[in-house]
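Report on the structure given below.
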Amino acid sequence: METQKPKGYRLADPPAEPCVEPGCAMCLSLGVARRNARSSGDFSAVSDRNVELRAHHAEAH
């Protein structure tokens, strides 16, 4: 049996991580939580903190 490659499928680079705004306590808290998750190897939590940071940026900044 021959393996076929999917047609028209391209991988895209993941979006850049949101930055932590200086002087914002919520950004700082989420940034620290993201750094801690990354250092422990919990990349699902890193992604979750990025989603929360993006939502926070949309509301507060």
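Numbering starts fresh at 1 for the residues of each chain in the structure tokens, the chains themselves are lettered A, B, ... in the order given, and ligands are numbered from 1 as they appear.
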
Which of chain A fall in helix (DSSP H, G or I), as an MDAnalysis selection string: chainID A and resid 25:39 43:60

Surrounding residues of stretch 13-28 of chain A excluding itself and chain neighbours under 5 positions, 7 Å, only C-alpha atoms, as JSON, numbers by chain: {"A": [50, 53, 54]}

Restrict the selected residues to N, CA, C and O atoms and save them as a PDB file, in the first residue's frame.
```pdb
ATOM      1  N   ASN A  50      -1.313  32.396  26.889  1.00  0.00           N
ATOM      2  CA  ASN A  50      -1.277  33.250  25.707  1.00  0.00           C
ATOM      3  C   ASN A  50      -2.687  33.655  25.284  1.00  0.00           C
ATOM      4  O   ASN A  50      -2.927  34.816  24.930  1.00  0.00           O
ATOM      5  N   LEU A  53      -3.843  36.235  27.748  1.00  0.00           N
ATOM      6  CA  LEU A  53      -3.180  37.525  27.505  1.00  0.00           C
ATOM      7  C   LEU A  53      -3.791  38.240  26.301  1.00  0.00           C
ATOM      8  O   LEU A  53      -4.010  39.448  26.343  1.00  0.00           O
ATOM      9  N   ARG A  54      -4.068  37.494  25.239  1.00  0.00           N
ATOM     10  CA  ARG A  54      -4.687  38.117  24.058  1.00  0.00           C
ATOM     11  C   ARG A  54      -6.060  38.686  24.391  1.00  0.00           C
ATOM     12  O   ARG A  54      -6.417  39.786  23.967  1.00  0.00           O
TER      13      ARG A  54
END
```

All residues 9 Å or closer to A:Arg34, only C-alpha atoms, same chain fewer than 3 positions away omitted, as a PyMOL selection string: chain A and resi 29-31+37-39+43+45-50

Atomic separation - atom CA of A:Ala33 relative to atom CA of A:Ala55, Å: 15.4 Å

Atomic separation - atom CA of A:Val32 relative to atom CA of A:Ala58, Å: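 Separation of atom CA of A:Ala58 and atom CA of A:Val32: 19.3 Å.
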